[in-house]
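Listing of run04.txt; format and content: compact mmCIF, C-alpha atoms.
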# COMPACT_ATOMS: atom_id res chain seq x y z
CA MET A 1 -38.51 -72.09 -88.94
CA GLY A 2 -37.90 -71.67 -85.24
CA ARG A 3 -34.50 -72.28 -83.68
CA ASP A 4 -35.27 -75.92 -82.75
CA GLU A 5 -36.49 -76.60 -86.30
CA GLN A 6 -33.40 -74.96 -87.78
CA ILE A 7 -31.09 -77.14 -85.67
CA GLN A 8 -33.01 -80.29 -86.62
CA TRP A 9 -33.02 -79.36 -90.32
CA ALA A 10 -29.26 -78.73 -90.30
CA GLN A 11 -28.62 -82.09 -88.63
CA GLU A 12 -30.82 -83.91 -91.14
CA HIS A 13 -28.96 -82.31 -94.07
CA GLY A 14 -25.44 -82.80 -92.74
CA ILE A 15 -24.79 -79.10 -92.16
CA THR A 16 -22.28 -78.48 -89.38
CA ILE A 17 -23.43 -75.83 -86.92
CA GLU A 18 -22.36 -74.89 -83.42
CA GLN A 19 -25.85 -74.94 -81.93
CA THR A 20 -27.56 -77.97 -80.37
CA ILE A 21 -30.93 -78.47 -78.69
CA LYS A 22 -29.19 -78.13 -75.29
CA LYS A 23 -27.09 -75.16 -76.42
CA PRO A 24 -29.21 -73.23 -78.92
CA TYR A 25 -27.49 -69.87 -78.40
CA SER A 26 -26.58 -67.56 -81.26
CA TYR A 27 -23.63 -65.18 -81.14
CA ASP A 28 -22.72 -61.84 -82.67
CA GLU A 29 -18.96 -61.55 -82.41
CA ASN A 30 -16.31 -59.01 -83.36
CA MET A 31 -13.01 -57.81 -81.90
CA TRP A 32 -14.77 -55.48 -79.45
CA GLY A 33 -17.30 -57.89 -77.99
CA ASN A 34 -19.42 -61.02 -78.21
CA THR A 35 -23.17 -61.21 -77.61
CA GLY A 36 -25.11 -64.39 -76.82
CA GLU A 37 -28.86 -64.69 -77.33
CA GLY A 38 -31.48 -67.41 -77.46
CA GLY A 39 -32.40 -70.27 -75.15
CA GLU A 40 -32.68 -69.33 -71.47
CA ILE A 41 -31.23 -65.91 -72.24
CA GLU A 42 -34.46 -64.81 -73.90
CA ASN A 43 -36.68 -65.07 -70.82
CA PRO A 44 -35.63 -62.67 -68.02
CA GLU A 45 -37.40 -64.93 -65.49
CA LEU A 46 -34.79 -67.65 -66.15
CA GLU A 47 -31.19 -67.68 -64.98
CA PRO A 48 -28.92 -68.31 -67.97
CA PRO A 49 -26.38 -71.14 -67.42
CA LEU A 50 -23.29 -69.00 -67.99
CA GLU A 51 -20.94 -71.98 -68.01
CA ASN A 52 -22.72 -73.14 -71.19
CA ILE A 53 -23.00 -69.70 -72.76
CA LEU A 54 -19.79 -67.73 -72.23
CA LYS A 55 -17.16 -68.09 -74.95
CA TRP A 56 -14.62 -65.43 -73.97
CA CYS A 57 -14.97 -65.17 -70.20
CA LYS A 58 -14.64 -67.56 -67.31
CA ILE A 59 -17.23 -67.31 -64.59
CA PRO A 60 -15.63 -65.76 -61.46
CA GLU A 61 -15.78 -69.06 -59.58
CA GLN A 62 -13.45 -70.59 -62.19
CA ALA A 63 -11.11 -67.60 -62.48
CA PRO A 64 -7.58 -67.73 -60.96
CA ASN A 65 -7.33 -67.24 -57.21
CA LYS A 66 -4.62 -64.64 -57.71
CA GLY A 67 -5.42 -61.34 -59.40
CA VAL A 68 -3.34 -59.53 -62.00
CA THR A 69 -2.39 -55.86 -62.37
CA VAL A 70 -2.14 -54.17 -65.76
CA LYS A 71 -0.86 -50.72 -66.70
CA ILE A 72 -2.51 -48.95 -69.63
CA LYS A 73 -0.98 -45.85 -71.18
CA PHE A 74 -3.18 -43.35 -73.01
CA ASN A 75 -2.29 -40.54 -75.37
CA LYS A 76 -5.08 -38.07 -76.15
CA GLY A 77 -7.65 -40.68 -75.12
CA ILE A 78 -6.21 -43.51 -77.22
CA PRO A 79 -4.61 -46.55 -75.51
CA ILE A 80 -1.07 -46.84 -76.86
CA ALA A 81 0.78 -49.17 -74.47
CA LEU A 82 0.09 -52.14 -72.22
CA ASN A 83 2.42 -52.91 -69.31
CA GLY A 84 5.09 -50.68 -70.78
CA GLN A 85 4.95 -52.15 -74.27
CA THR A 86 3.79 -49.87 -77.08
CA LYS A 87 1.27 -51.66 -79.29
CA PRO A 88 -1.40 -50.90 -81.88
CA THR A 89 -4.80 -50.39 -80.30
CA LYS A 90 -6.16 -53.55 -81.93
CA ASP A 91 -3.45 -55.63 -80.23
CA ILE A 92 -4.15 -54.01 -76.85
CA ILE A 93 -7.83 -54.91 -77.30
CA ALA A 94 -6.96 -58.51 -78.19
CA ASP A 95 -4.60 -58.87 -75.21
CA LEU A 96 -7.10 -57.42 -72.74
CA ASN A 97 -9.92 -59.56 -74.10
CA LYS A 98 -7.85 -62.64 -73.32
CA LEU A 99 -6.55 -61.41 -69.97
CA GLY A 100 -9.87 -60.02 -68.78
CA GLY A 101 -11.74 -63.13 -69.90
CA THR A 102 -9.32 -65.35 -67.98
CA HIS A 103 -10.10 -63.41 -64.80
CA GLY A 104 -13.87 -63.39 -65.35
CA VAL A 105 -13.99 -59.67 -66.11
CA GLY A 106 -16.35 -58.01 -68.54
CA PHE A 107 -19.53 -60.04 -69.03
CA PHE A 108 -23.01 -58.65 -68.38
CA HIS A 109 -26.69 -59.57 -68.40
CA LEU A 110 -28.23 -56.73 -70.40
CA ILE A 111 -31.88 -55.87 -70.95
CA GLU A 112 -32.17 -54.00 -74.25
CA ASP A 113 -34.82 -51.58 -75.44
CA ARG A 114 -34.91 -52.31 -79.14
CA PHE A 115 -35.69 -49.38 -81.43
CA VAL A 116 -38.93 -51.06 -82.53
CA GLY A 117 -40.11 -51.31 -78.91
CA LEU A 118 -39.13 -54.88 -77.97
CA LYS A 119 -37.58 -55.87 -74.66
CA VAL A 120 -34.80 -58.41 -75.17
CA ARG A 121 -31.99 -59.80 -73.06
CA GLY A 122 -28.47 -60.66 -74.08
CA ILE A 123 -25.30 -61.91 -72.42
CA TYR A 124 -22.54 -59.50 -73.40
CA GLU A 125 -18.85 -60.36 -73.22
CA ASN A 126 -16.49 -57.41 -73.67
CA PRO A 127 -13.48 -57.73 -71.33
CA ALA A 128 -11.22 -55.28 -73.16
CA ALA A 129 -13.99 -52.73 -73.59
CA HIS A 130 -14.86 -52.89 -69.89
CA ILE A 131 -11.24 -52.53 -68.81
CA LEU A 132 -10.37 -49.75 -71.25
CA ILE A 133 -13.54 -47.76 -70.63
CA SER A 134 -13.05 -48.01 -66.85
CA ALA A 135 -9.43 -46.86 -67.16
CA HIS A 136 -10.26 -44.10 -69.63
CA LYS A 137 -13.16 -42.79 -67.57
CA ASN A 138 -11.07 -42.53 -64.41
CA LEU A 139 -8.26 -40.74 -66.25
CA GLU A 140 -10.80 -38.45 -67.87
CA GLN A 141 -12.24 -37.54 -64.48
CA LEU A 142 -8.77 -36.75 -63.12
CA VAL A 143 -7.88 -34.25 -65.85
CA SER A 144 -11.31 -32.63 -66.38
CA THR A 145 -13.39 -30.26 -64.27
CA ARG A 146 -16.60 -31.34 -62.61
CA GLU A 147 -18.67 -29.50 -65.22
CA GLU A 148 -16.77 -31.18 -68.07
CA ASN A 149 -17.24 -34.62 -66.53
CA GLU A 150 -20.95 -34.04 -65.97
CA LEU A 151 -21.52 -32.90 -69.55
CA LYS A 152 -19.36 -35.74 -70.91
CA GLY A 153 -21.57 -38.31 -69.16
CA LEU A 154 -24.68 -36.88 -70.79
CA LEU A 155 -23.07 -36.75 -74.23
CA ASP A 156 -21.71 -40.30 -73.88
CA GLN A 157 -25.21 -41.55 -73.23
CA LYS A 158 -26.65 -39.58 -76.14
CA TRP A 159 -23.86 -40.81 -78.42
CA ALA A 160 -24.62 -44.42 -77.44
CA TYR A 161 -28.35 -44.01 -78.08
CA LEU A 162 -27.73 -42.50 -81.51
CA ILE A 163 -25.31 -45.27 -82.46
CA TYR A 164 -27.78 -47.93 -81.28
CA GLU A 165 -30.49 -46.33 -83.43
CA ALA A 166 -28.25 -46.34 -86.55
CA LYS A 167 -27.83 -42.56 -86.62
CA TYR A 168 -24.05 -42.45 -86.90
CA PHE A 169 -24.28 -39.96 -89.80
CA ASP A 170 -26.79 -37.61 -88.18
CA PRO A 171 -25.29 -34.08 -88.15
CA VAL A 172 -25.57 -33.87 -84.37
CA MET A 173 -22.94 -36.61 -84.13
CA ASP A 174 -20.37 -34.16 -85.52
CA ASN A 175 -21.18 -31.79 -82.68
CA ILE A 176 -20.89 -34.51 -80.06
CA ARG A 177 -17.62 -35.79 -81.51
CA ALA A 178 -16.21 -32.25 -81.54
CA PHE A 179 -16.64 -32.04 -77.77
CA ILE A 180 -15.33 -35.56 -77.20
CA ASP A 181 -12.27 -34.98 -79.37
CA GLU A 182 -11.46 -31.70 -77.65
CA GLN A 183 -11.83 -33.10 -74.15
CA ASN A 184 -9.66 -36.09 -74.99
CA THR A 185 -6.69 -33.92 -75.94
CA LYS A 186 -5.72 -33.96 -72.24
CA VAL A 187 -6.67 -37.59 -71.49
CA THR A 188 -3.01 -38.58 -71.46
CA GLY A 189 -1.32 -40.66 -68.78
CA GLU A 190 -1.05 -44.13 -67.28
CA VAL A 191 -3.73 -46.08 -65.42
CA THR A 192 -3.17 -49.15 -63.24
CA VAL A 193 -6.05 -51.63 -63.16
CA LYS A 194 -6.42 -54.73 -61.00
CA LEU A 195 -8.39 -57.71 -62.31
CA TYR A 196 -9.62 -60.35 -59.88
CA LYS A 197 -12.49 -62.83 -60.12
CA GLY A 198 -14.84 -60.66 -62.15
CA ASN A 199 -13.77 -57.36 -60.60
CA CYS A 200 -12.06 -54.56 -62.52
CA GLN A 201 -10.71 -51.83 -60.25
CA VAL A 202 -8.68 -48.77 -61.15
CA VAL A 203 -6.15 -48.57 -58.30
CA SER A 204 -3.86 -45.72 -59.41
CA LEU A 205 -3.39 -43.23 -62.21
CA THR A 206 -1.06 -40.43 -63.23
CA SER A 207 -1.15 -37.65 -65.81
CA LYS A 208 0.73 -34.45 -66.56
CA TYR A 209 -2.70 -32.83 -66.92
CA SER A 210 -3.91 -34.02 -63.50
CA LEU A 211 -6.03 -31.46 -61.62
CA PHE A 212 -5.13 -33.07 -58.30
CA ASP A 213 -3.05 -30.80 -56.05
CA GLU A 214 -1.77 -32.56 -52.95
CA ASN A 215 -1.08 -29.26 -51.18
CA LEU A 216 -4.74 -28.34 -51.52
CA ALA A 217 -6.34 -31.75 -50.99
CA THR A 218 -4.28 -33.12 -48.08
CA PHE A 219 -5.74 -33.48 -44.59
CA ASN A 220 -2.39 -32.52 -43.07
CA LYS A 221 -2.00 -29.15 -41.39
CA GLU A 222 0.50 -28.01 -44.04
CA ALA A 223 -2.32 -27.75 -46.58
CA THR A 224 -2.39 -24.49 -48.57
CA PHE A 225 -6.20 -24.56 -48.71
CA ASN A 226 -7.56 -21.69 -46.61
CA SER A 227 -10.11 -23.29 -44.30
CA ASN A 228 -10.98 -19.88 -42.83
CA ALA A 229 -12.79 -19.07 -46.08
CA SER A 230 -15.34 -21.81 -45.41
CA ALA A 231 -17.65 -19.82 -43.14
CA GLY A 232 -18.32 -17.07 -45.69
CA PHE A 233 -18.67 -19.57 -48.50
CA ILE A 234 -21.22 -21.63 -46.56
CA GLU A 235 -23.22 -18.50 -45.74
CA LEU A 236 -23.46 -17.40 -49.37
CA TRP A 237 -23.95 -20.88 -50.82
CA ASN A 238 -26.81 -21.60 -48.44
CA LEU A 239 -28.53 -18.21 -48.83
CA PRO A 240 -31.01 -19.28 -51.58
CA GLN A 241 -32.05 -22.35 -49.57
CA LYS A 242 -32.52 -20.34 -46.40
CA THR A 243 -34.53 -17.69 -48.24
CA ALA A 244 -36.80 -20.30 -49.87
CA TYR A 245 -37.28 -22.11 -46.55
CA ASN A 246 -38.21 -18.91 -44.72
CA VAL A 247 -40.73 -17.96 -47.43
CA LYS A 248 -42.32 -21.42 -47.34
CA HIS A 249 -42.38 -21.85 -43.57
CA GLY A 250 -42.39 -18.22 -42.43
What does the file become when written as structure tokens?
Amino acid sequence: MGRDEQIQWAQEHGITIEQTIKKPYSYDENMWGNTGEGGEIENPELEPPLENILKWCKIPEQAPNKGVTVKIKFNKGIPIALNGQTKPTKDIIADLNKLGGTHGVGFFHLIEDRFVGLKVRGIYENPAAHILISAHKNLEQLVSTREENELKGLLDQKWAYLIYEAKYFDPVMDNIRAFIDEQNTKVTGEVTVKLYKGNCQVVSLTSKYSLFDENLATFNKEATFNSNASAGFIELWNLPQKTAYNVKHG
């Protein structure tokens, strides 16, 4: 039976279901997120009526006119406190799902590439995931080198693909997790995030492992960075490009 037939059959047999002909959407829900599918969501040429679909999140137009700021504390990559209160991770997730949803944060129209080759669309609601990942990523970037952050992005994507394809127990996952676990040993600190009408912005962060050095990065004349070294650096850095250009155009 198709979805319309299923709804009609349930009604005829006195079976209580959430779906109706006008709202035929199905949901996959757990503590980390909620996914809506069916109805107008299926066809990417149609605009899904979010006010009829979303269960966790308000649309930005209905979110409060005043934003809210939250402080998230991490220890070795794990969120351990919210606004100064130490809590189990599951409680932090639950609190941020509610808070983020109230402010219209964390829902997405997502086109999926199914493993069997199908293109499908879903409406994803994951306020806590969006907030925590944004905060974690910014803190991670602060305490890691450029090379670490670049490699982490590639491994994150590979990890996600393998999970999506049900390869959690593939041996390569142990290798990826080894890198992730090691890098997260220094992802410790506090991140301040502002939520406002669908926007999630990291506005400040601090960590004892921060690689930021104000004396080196400041634009003020007291900076300890030796600007006189720039000329030689530019000359050497640009040498391969100049050599290639001269060979090509010489």
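Atom pair atom CA of Asn97 of chain A / atom CA of Asn149 of chain A: separated by 27.1 Å.
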List every protein, DNA or RNA residue that has an atom no more than 8 Å from (-33.5, -74.5, -83.1) in the file's coordinate frame, counting all atoms listed in the file, and report them as a compact mmCIF listing (two decimals) with C-alpha atoms, in the coordinates of the input.
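Saved file point-v6.txt follows:
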# COMPACT_ATOMS: atom_id res chain seq x y z
CA GLY A 2 -37.90 -71.67 -85.24
CA ARG A 3 -34.50 -72.28 -83.68
CA ASP A 4 -35.27 -75.92 -82.75
CA GLU A 5 -36.49 -76.60 -86.30
CA GLN A 6 -33.40 -74.96 -87.78
CA ILE A 7 -31.09 -77.14 -85.67
CA GLN A 8 -33.01 -80.29 -86.62
CA GLN A 19 -25.85 -74.94 -81.93
CA THR A 20 -27.56 -77.97 -80.37
CA ILE A 21 -30.93 -78.47 -78.69
CA PRO A 24 -29.21 -73.23 -78.92
- Message: Please report the interatomic distance between atom CA of Pro44 of chain A and atom CA of Tyr164 of chain A in Å with one decimal.
- Response: 21.3 Å
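Atom CA of Tyr209 of chain A sits 29.2 Å away from atom CA of Trp237 of chain A.
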- With all atoms listed in the file as the basis for distance, which of A:Gly117, A:Gly77, A:Gly101, A:Gly38 is at the shortest distance from His130 of chain A? A:Gly101
- Task: Write out as an MDAnalysis selection string the residues lying within 12 Å of Met173 of chain A, counting all atoms listed in the file and excluding same-chain residues fewer than 2 positions away.
- Result: chainID A and resid 155:156 158:163 166:171 175:181
- Message: Show me the residues around (-8.6, -50.4, -60.9) - criterion: an atom at most 12 Å away, all atoms listed in the file counted - as a ChimeraX atom specification.
- Response: /A:67-72,105,130-139,190-196,199-205
- Message: When you count all atoms listed in the file, which of these residues is closest to Lys22 of chain A: A:Ser227, A:Thr188, A:Thr35, A:Asn52?
- Response: A:Asn52
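Each of A:Lys55, A:Lys66, A:Lys73, A:Arg114 was checked against Gly189 of chain A using all atoms listed in the file; the smallest atom-to-atom distance is that of A:Lys73.
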- Message: When you count only C-alpha atoms, which of these residues is closest to Asn30 of chain A: A:Asn65, A:Asn43, A:Gln11, A:Asn126?
- Response: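 Closest candidate: A:Asn126.
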- Would you mind telling me which residue in A:Leu118, A:Phe107, A:Ser207, A:Gln85 lies nearest to Leu142 of chain A when using all atoms listed in the file?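 Ranking A:Leu118, A:Phe107, A:Ser207, A:Gln85 by distance to Leu142 of chain A, first place goes to A:Ser207.
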- Which one of A:Lys76, A:Glu51, A:Glu165, A:Asn83 sits closest to Glu182 of chain A if you count only C-alpha atoms?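 Checking each of A:Lys76, A:Glu51, A:Glu165, A:Asn83 against Glu182 of chain A, counting only C-alpha atoms, the winner is A:Lys76.
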